[in-house]
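Presented below is the structure to which this report refers.
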Amino acid sequence: MTGHTLTVAKKDFADAGRSKLLWSIIGLLVGLSALGYIIVWATGEDIAAGEMLGFLAIPLGVLVPIAALIGGYMAIVGERRSGSLKLLLGLPPNRADVVFGKLLGRAAVIGLAVVLSFAVALVLSVVLFGGAPIVDLASLGALSVLYGFAFVGLAVGVSAGVASRGRAMALTVGTFMIFFAFWELLTAGVYYFAHDGFPPAQPETWYLFAQQLNPLQSFAYAASTLVESQVFPVMFRFNLDQTFAAPADRVAGDTPFFLQEWFGALLLLVWVVVPVAIGYYRFEKADL
Amino acid sequence: MTAIRTDGLTKRFGDLTAVSGLDLEIEEGEVFGFLGPNGAGKSTTINMLLDFTRPTAGSATVLGYDAQAASDEISQRVGILPEGFSVYDRLTGRKHIEFAIETKGADQSPDDLLARVGLSPEDGDRAAGGYSKGMRQRLATGMALAGDPDLLIMDEPSTGLDPTGINEMQDLVRAEAERGTTVFFSSHILEHVEAVCDRVGILRAGELIALDTIEGLRASVGGGATMTVTAANTLDGVVDAVAAIDGVSNVTATGHRLEAFVERPAAKPLVVTTVADAGVELTDLRIEETSLESMFTTLIEGDDAPATTLAGDVESAPDRRVANAGGDE
């Protein structure tokens, strides 16, 4: 990485800022957050502004990853296929600048989208529910930004590591589907064979840690500790594991630090570091 | 100092050898034309110089820096017009130039650079996605000129340009050369190289088959020509006499036709007088001069003709200038 990383990031942000696709995603994110507030308000239910945050966190749990993946998976491979990467690498920025500059640029775009969503939520909360739980809102906002970064990292890492658009799409969609649809099947399935039965209410520690590693789950559990209502991960359930509680609540005695919610939030960074490291390694070695 | 040097530079893609043992040395201040048909390995070579592609064997230095280990130093000092690039559709032309200037740490006016490549400030305000192919080529050239590089590497710079654009590109290369910039550019069209280059290298199927100045190549072609003599009687009897003339070679006779390769212009009338002196009645005479273009075409299409046998390998040239010395065809 050289001083050109930031230059690449700025240019990427400027370029992405002119992308209709990314603006549509941002609009969707902001619009759905606003819609959630308006619908709940319109039903006339007596809900406190603090509880509304729980309603906000659930759609964000799915929308943020999708926005980040769509916003990031073409970041590098798109330029590699079109040939603009040659123009970029012909200038002083090197491959590391491209990977990390793109990561920063796309992270800024998703970060902006999440912050805008929360700004709209803040305004609507005051207007429709007569108050705003500023601290809860800000901390959930920060967690959502981190959550977005995890998927930007995954997408940019994949984008750096593959040579075709199709492969980038397959890998990002595939990984998301594993988190969204097959995580329980995979982990509880392994559990079944390893321990002669599906996970009980208090399962083996490794199984709980595996739940922490799924960003969809760790986001929801961490969000639950920040807002007044319980936030459930939006996932496909097979009911192999019939307990819905967070990993931290499924251990007897003291909860080890790695099963606590804050650590799950920290583990979101794994999805920035690991895919980007692999993607960068592959990109550095590639013939472009 | 050496601007570009390659030692046994080789690139294989699976079974295909794209570049094979390339040894090149380009001096500072030189305008070097890298010629060859599409697929000869020109772009692969350039990609290795720029560290876009890594060599299978051999090595390369650019401005004295190792192309792989010190690619950051190289890209700081070199202007690159890549082949098969695309622009950032959503960004304006000026933004492209500004980005190039910023990364090079230069202090230039974007509009000056736009003007140098024939783009107006109004063009610069437009998103590059709306540019024609020629304008994109100009824009990328403008980006390559940012920071006044010591070396310009241009891969097929005339792609997408109309004849006027090609002339402007040649003027630009000359102007850069006058400023002392070394220019290395590739083309599959001899004409584009011939007009501006001090020296050319011809690549075919990954191998360098000729490396010389334009004058040197011309000299190797020389005043060489193929003479075809047609007569009313058989010419078999005069073959030895014609072959004995100084500067005449490859004499063959088939019945009423005699073909000879003439390296020396002065030998041409001697062929005619020799045949006439033998009592043969001439009915036709054709002289086909060998042009640089035809030599190039022969070279890149021919079999494994090494550079040294250039002169003897011109007979199959399809693009010969024909000089009819009398009679009908």
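Going through the structure tokens in order, the chains are called A, B, and so on, while each chain numbers its residues from 1 and the ligands are numbered from 1 in the order shown.
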
Hey, what's within 6 Å of range 51-59 of chain A if we count only C-alpha atoms and toss same-chain stuff fewer than 6 positions away? As a PyMOL selection string, please? chain A and resi 228-229+231

With the cut-off set at 9 Å and counting only C-alpha atoms, tabulate each residue of chain B with an atom at most that distance from an atom of chain A, showing the nearest atom pair and its distance in Å to one decimal, ordered by chain and increasing number, as a Markdown table.
```
| residue | atom | partner | partner_atom | distance |
| --- | --- | --- | --- | --- |
| B:Asn47 | CA | A:Leu288 | CA | 8.4 |
| B:Leu50 | CA | A:Gly90 | CA | 7.2 |
| B:Asp51 | CA | A:Asp287 | CA | 8.5 |
| B:Phe52 | CA | A:Leu288 | CA | 5.4 |
| B:Thr53 | CA | A:Asp287 | CA | 4.4 |
| B:Arg54 | CA | A:Asp287 | CA | 6.4 |
| B:Ser71 | CA | A:Asn94 | CA | 8.1 |
| B:Asp72 | CA | A:Pro92 | CA | 6.3 |
| B:Glu73 | CA | A:Pro92 | CA | 8.1 |
| B:Ile74 | CA | A:Pro92 | CA | 8.1 |
| B:Ser75 | CA | A:Pro92 | CA | 4.9 |
| B:Gln76 | CA | A:Pro92 | CA | 5.0 |
| B:Arg77 | CA | A:Pro92 | CA | 8.5 |
| B:Val78 | CA | A:Leu91 | CA | 8.2 |
| B:Gly79 | CA | A:Gly90 | CA | 7.4 |
| B:Ile80 | CA | A:Gly90 | CA | 5.6 |
| B:Leu81 | CA | A:Leu87 | CA | 7.5 |
| B:Pro82 | CA | A:Lys86 | CA | 6.4 |
| B:Glu83 | CA | A:Lys86 | CA | 8.3 |
| B:Gly84 | CA | A:Gly83 | CA | 6.1 |
| B:Phe85 | CA | A:Gly83 | CA | 4.1 |
| B:Ser86 | CA | A:Ser84 | CA | 4.5 |
| B:Val87 | CA | A:Ser84 | CA | 5.4 |
| B:Tyr88 | CA | A:Ser84 | CA | 6.6 |
| B:Asp89 | CA | A:Asp15 | CA | 8.8 |
| B:Arg90 | CA | A:Arg18 | CA | 6.3 |
| B:Leu91 | CA | A:Asp15 | CA | 6.3 |
| B:Lys95 | CA | A:Lys11 | CA | 8.8 |
| B:Phe99 | CA | A:Lys11 | CA | 7.6 |
| B:Ala100 | CA | A:Leu91 | CA | 6.6 |
| B:Glu102 | CA | A:Thr7 | CA | 7.9 |
| B:Thr103 | CA | A:Pro92 | CA | 5.9 |
| B:Lys104 | CA | A:Pro92 | CA | 6.3 |
| B:Ala140 | CA | A:Leu87 | CA | 7.4 |
| B:Met143 | CA | A:Leu91 | CA | 8.4 |
| B:Ala144 | CA | A:Leu91 | CA | 7.9 |
```

Those same residues - N, CA and C atoms - I'd like them written as a short mmCIF file (atom, residue, chain, number, x, y, z; two decimals), in the first residue's frame.
```cif
data_model
loop_
_atom_site.label_atom_id
_atom_site.label_comp_id
_atom_site.auth_asym_id
_atom_site.auth_seq_id
_atom_site.Cartn_x
_atom_site.Cartn_y
_atom_site.Cartn_z
N ASN B 47 2.87 -6.05 -21.38
CA ASN B 47 2.27 -6.36 -20.08
C ASN B 47 3.30 -6.84 -19.07
N LEU B 50 5.17 -3.87 -17.71
CA LEU B 50 4.36 -3.08 -16.80
C LEU B 50 3.94 -3.87 -15.56
N ASP B 51 4.39 -5.13 -15.47
CA ASP B 51 4.04 -6.01 -14.35
C ASP B 51 2.55 -6.34 -14.30
N PHE B 52 1.87 -6.25 -15.44
CA PHE B 52 0.49 -6.72 -15.49
C PHE B 52 0.50 -8.25 -15.58
N THR B 53 1.54 -8.75 -16.24
CA THR B 53 1.71 -10.18 -16.43
C THR B 53 3.12 -10.54 -15.99
N ARG B 54 3.27 -11.71 -15.36
CA ARG B 54 4.59 -12.10 -14.86
C ARG B 54 5.25 -13.08 -15.82
N SER B 71 8.18 -2.24 -9.65
CA SER B 71 7.15 -1.72 -10.57
C SER B 71 6.60 -0.37 -10.10
N ASP B 72 6.65 -0.10 -8.80
CA ASP B 72 6.17 1.20 -8.31
C ASP B 72 7.03 2.35 -8.83
N GLU B 73 8.35 2.14 -8.83
CA GLU B 73 9.26 3.18 -9.34
C GLU B 73 9.02 3.39 -10.82
N ILE B 74 8.74 2.29 -11.53
CA ILE B 74 8.53 2.37 -12.97
C ILE B 74 7.26 3.16 -13.30
N SER B 75 6.15 2.80 -12.65
CA SER B 75 4.90 3.46 -13.02
C SER B 75 4.91 4.94 -12.65
N GLN B 76 5.78 5.32 -11.74
CA GLN B 76 5.91 6.73 -11.38
C GLN B 76 6.57 7.53 -12.52
N ARG B 77 7.43 6.87 -13.30
CA ARG B 77 8.24 7.58 -14.30
C ARG B 77 7.84 7.30 -15.73
N VAL B 78 6.91 6.36 -15.89
CA VAL B 78 6.56 5.93 -17.24
C VAL B 78 5.12 6.34 -17.55
N GLY B 79 4.88 6.75 -18.78
CA GLY B 79 3.51 7.00 -19.23
C GLY B 79 3.05 5.81 -20.04
N ILE B 80 1.87 5.33 -19.75
CA ILE B 80 1.43 4.09 -20.38
C ILE B 80 0.09 4.27 -21.09
N LEU B 81 0.09 3.86 -22.34
CA LEU B 81 -1.17 3.77 -23.07
C LEU B 81 -1.41 2.29 -23.30
N PRO B 82 -2.23 1.67 -22.46
CA PRO B 82 -2.40 0.22 -22.60
C PRO B 82 -3.28 -0.14 -23.77
N GLU B 83 -3.23 -1.42 -24.13
CA GLU B 83 -4.07 -1.92 -25.20
C GLU B 83 -5.32 -2.50 -24.54
N GLY B 84 -6.46 -2.37 -25.21
CA GLY B 84 -7.69 -2.97 -24.69
C GLY B 84 -8.15 -2.40 -23.37
N PHE B 85 -7.86 -1.11 -23.15
CA PHE B 85 -8.29 -0.50 -21.90
C PHE B 85 -9.72 0.00 -22.07
N SER B 86 -10.34 0.39 -20.95
CA SER B 86 -11.59 1.13 -21.09
C SER B 86 -11.56 2.28 -20.10
N VAL B 87 -12.36 3.29 -20.36
CA VAL B 87 -12.37 4.47 -19.50
C VAL B 87 -13.43 4.28 -18.41
N TYR B 88 -13.43 5.19 -17.44
CA TYR B 88 -14.50 5.18 -16.43
C TYR B 88 -15.66 5.96 -17.02
N ASP B 89 -16.68 5.20 -17.46
CA ASP B 89 -17.79 5.81 -18.20
C ASP B 89 -18.43 6.99 -17.50
N ARG B 90 -18.52 6.93 -16.19
CA ARG B 90 -19.27 7.95 -15.47
C ARG B 90 -18.45 9.18 -15.14
N LEU B 91 -17.12 9.07 -15.22
CA LEU B 91 -16.28 10.22 -14.87
C LEU B 91 -15.98 11.05 -16.12
N LYS B 95 -11.72 14.66 -15.19
CA LYS B 95 -11.48 13.89 -13.95
C LYS B 95 -10.42 12.81 -14.18
N PHE B 99 -6.98 12.81 -12.22
CA PHE B 99 -6.57 11.64 -11.43
C PHE B 99 -5.14 11.24 -11.78
N ALA B 100 -4.84 11.23 -13.09
CA ALA B 100 -3.50 10.87 -13.54
C ALA B 100 -2.47 11.86 -13.00
N GLU B 102 -2.75 13.74 -10.36
CA GLU B 102 -2.65 13.61 -8.90
C GLU B 102 -1.77 12.41 -8.52
N THR B 103 -2.00 11.26 -9.17
CA THR B 103 -1.22 10.08 -8.80
C THR B 103 0.25 10.24 -9.18
N LYS B 104 0.52 11.01 -10.25
CA LYS B 104 1.91 11.22 -10.65
C LYS B 104 2.57 12.30 -9.80
N ALA B 140 -6.69 8.60 -22.98
CA ALA B 140 -5.71 7.72 -22.32
C ALA B 140 -4.30 8.20 -22.61
N MET B 143 -3.60 10.95 -20.32
CA MET B 143 -3.28 10.44 -18.98
C MET B 143 -1.84 9.95 -18.94
N ALA B 144 -1.41 9.32 -20.05
CA ALA B 144 -0.05 8.80 -20.10
C ALA B 144 0.98 9.94 -20.05
#
```

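Candidate residues B:Ala278, B:Leu139, B:Asp125, B:Gly118 were compared for distance to Asp171 in chain B, and the nearest is B:Gly118, using only C-alpha atoms.
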
DSSP on the backbone: what in range 105-270 of chain A comes out helix (DSSP H, G or I), as JSON, numbers by chain? {"A": [105, 106, 107, 108, 109, 110, 111, 112, 113, 114, 115, 116, 117, 118, 119, 120, 121, 122, 123, 124, 125, 126, 127, 128, 129, 134, 135, 136, 137, 138, 139, 140, 141, 142, 143, 144, 145, 146, 147, 148, 149, 150, 151, 152, 153, 154, 155, 156, 157, 158, 159, 160, 161, 165, 166, 167, 168, 169, 170, 171, 172, 173, 174, 175, 176, 177, 178, 179, 180, 181, 182, 183, 184, 185, 186, 187, 188, 189, 190, 191, 192, 193, 194, 195, 205, 206, 207, 208, 209, 210, 211, 212, 213, 215, 216, 217, 218, 219, 220, 221, 222, 223, 224, 225, 226, 247, 248, 249, 250, 257, 258, 259, 261, 262, 263, 264, 265, 266, 267, 270]}

Which is closer to Val40 in chain A than all the others in A:Ala245, A:Leu128, A:Val273, A:Ala210, using only C-alpha atoms? A:Leu128

Close residues, Ala220 in chain A itself excluded, 9 Å, only C-alpha atoms, min 5 positions apart in chain, as number ranges by chain: A: 57-58, 61, 215, 225, 230-234, 246

Keeping only C-alpha atoms, take the residues you just selected and write them out as a PDB file, in the first residue's frame.
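Wrote selection_21.pdb, looks like this:
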```pdb
ATOM      1  CA  ALA A  57     -32.848  -3.699  12.913  1.00  0.00           C
ATOM      2  CA  ILE A  58     -34.683  -6.674  11.391  1.00  0.00           C
ATOM      3  CA  GLY A  61     -30.234  -7.395   8.904  1.00  0.00           C
ATOM      4  CA  PRO A 215     -22.614 -12.322  10.584  1.00  0.00           C
ATOM      5  CA  THR A 225     -28.275  -5.889  23.485  1.00  0.00           C
ATOM      6  CA  GLN A 230     -35.270  -8.723  20.918  1.00  0.00           C
ATOM      7  CA  VAL A 231     -33.837  -8.752  17.384  1.00  0.00           C
ATOM      8  CA  PHE A 232     -34.013 -12.160  15.708  1.00  0.00           C
ATOM      9  CA  PRO A 233     -31.678 -13.011  12.857  1.00  0.00           C
ATOM     10  CA  VAL A 234     -33.533 -13.131   9.558  1.00  0.00           C
ATOM     11  CA  ALA A 246     -28.421 -16.013  21.632  1.00  0.00           C
TER      12      ALA A 246
END
```

Would you pick out the contacts of Val114 in chain A at 7 Å or less, using only C-alpha atoms, so that residues sharing its chain but fewer than 3 positions from it are not included, and give the list as a VMD selection string? chain A and resid 110 to 111 117 to 118 144 to 145

Mind checking which residues fall within 7 Å of range 254-260 of chain B, counting only C-alpha atoms, ignoring those fewer than 2 positions away in the same chain, and posting them as an MDAnalysis selection string? chainID B and resid 226:236 248:252 262

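Ranking A:Ile26, A:Gly153, A:Val162, A:Tyr147 by their shortest atom-to-atom distance to Leu266 in chain A, with only C-alpha atoms included, puts A:Tyr147 first.
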
Skip Asp111 in chain B itself and residues of its chain fewer than 6 positions away, then list as a list in words all residues within 9 Å of it, counting only C-alpha atoms. Arg94, Ile97, Leu119, Ser120, Pro121 and Gly124 of chain B
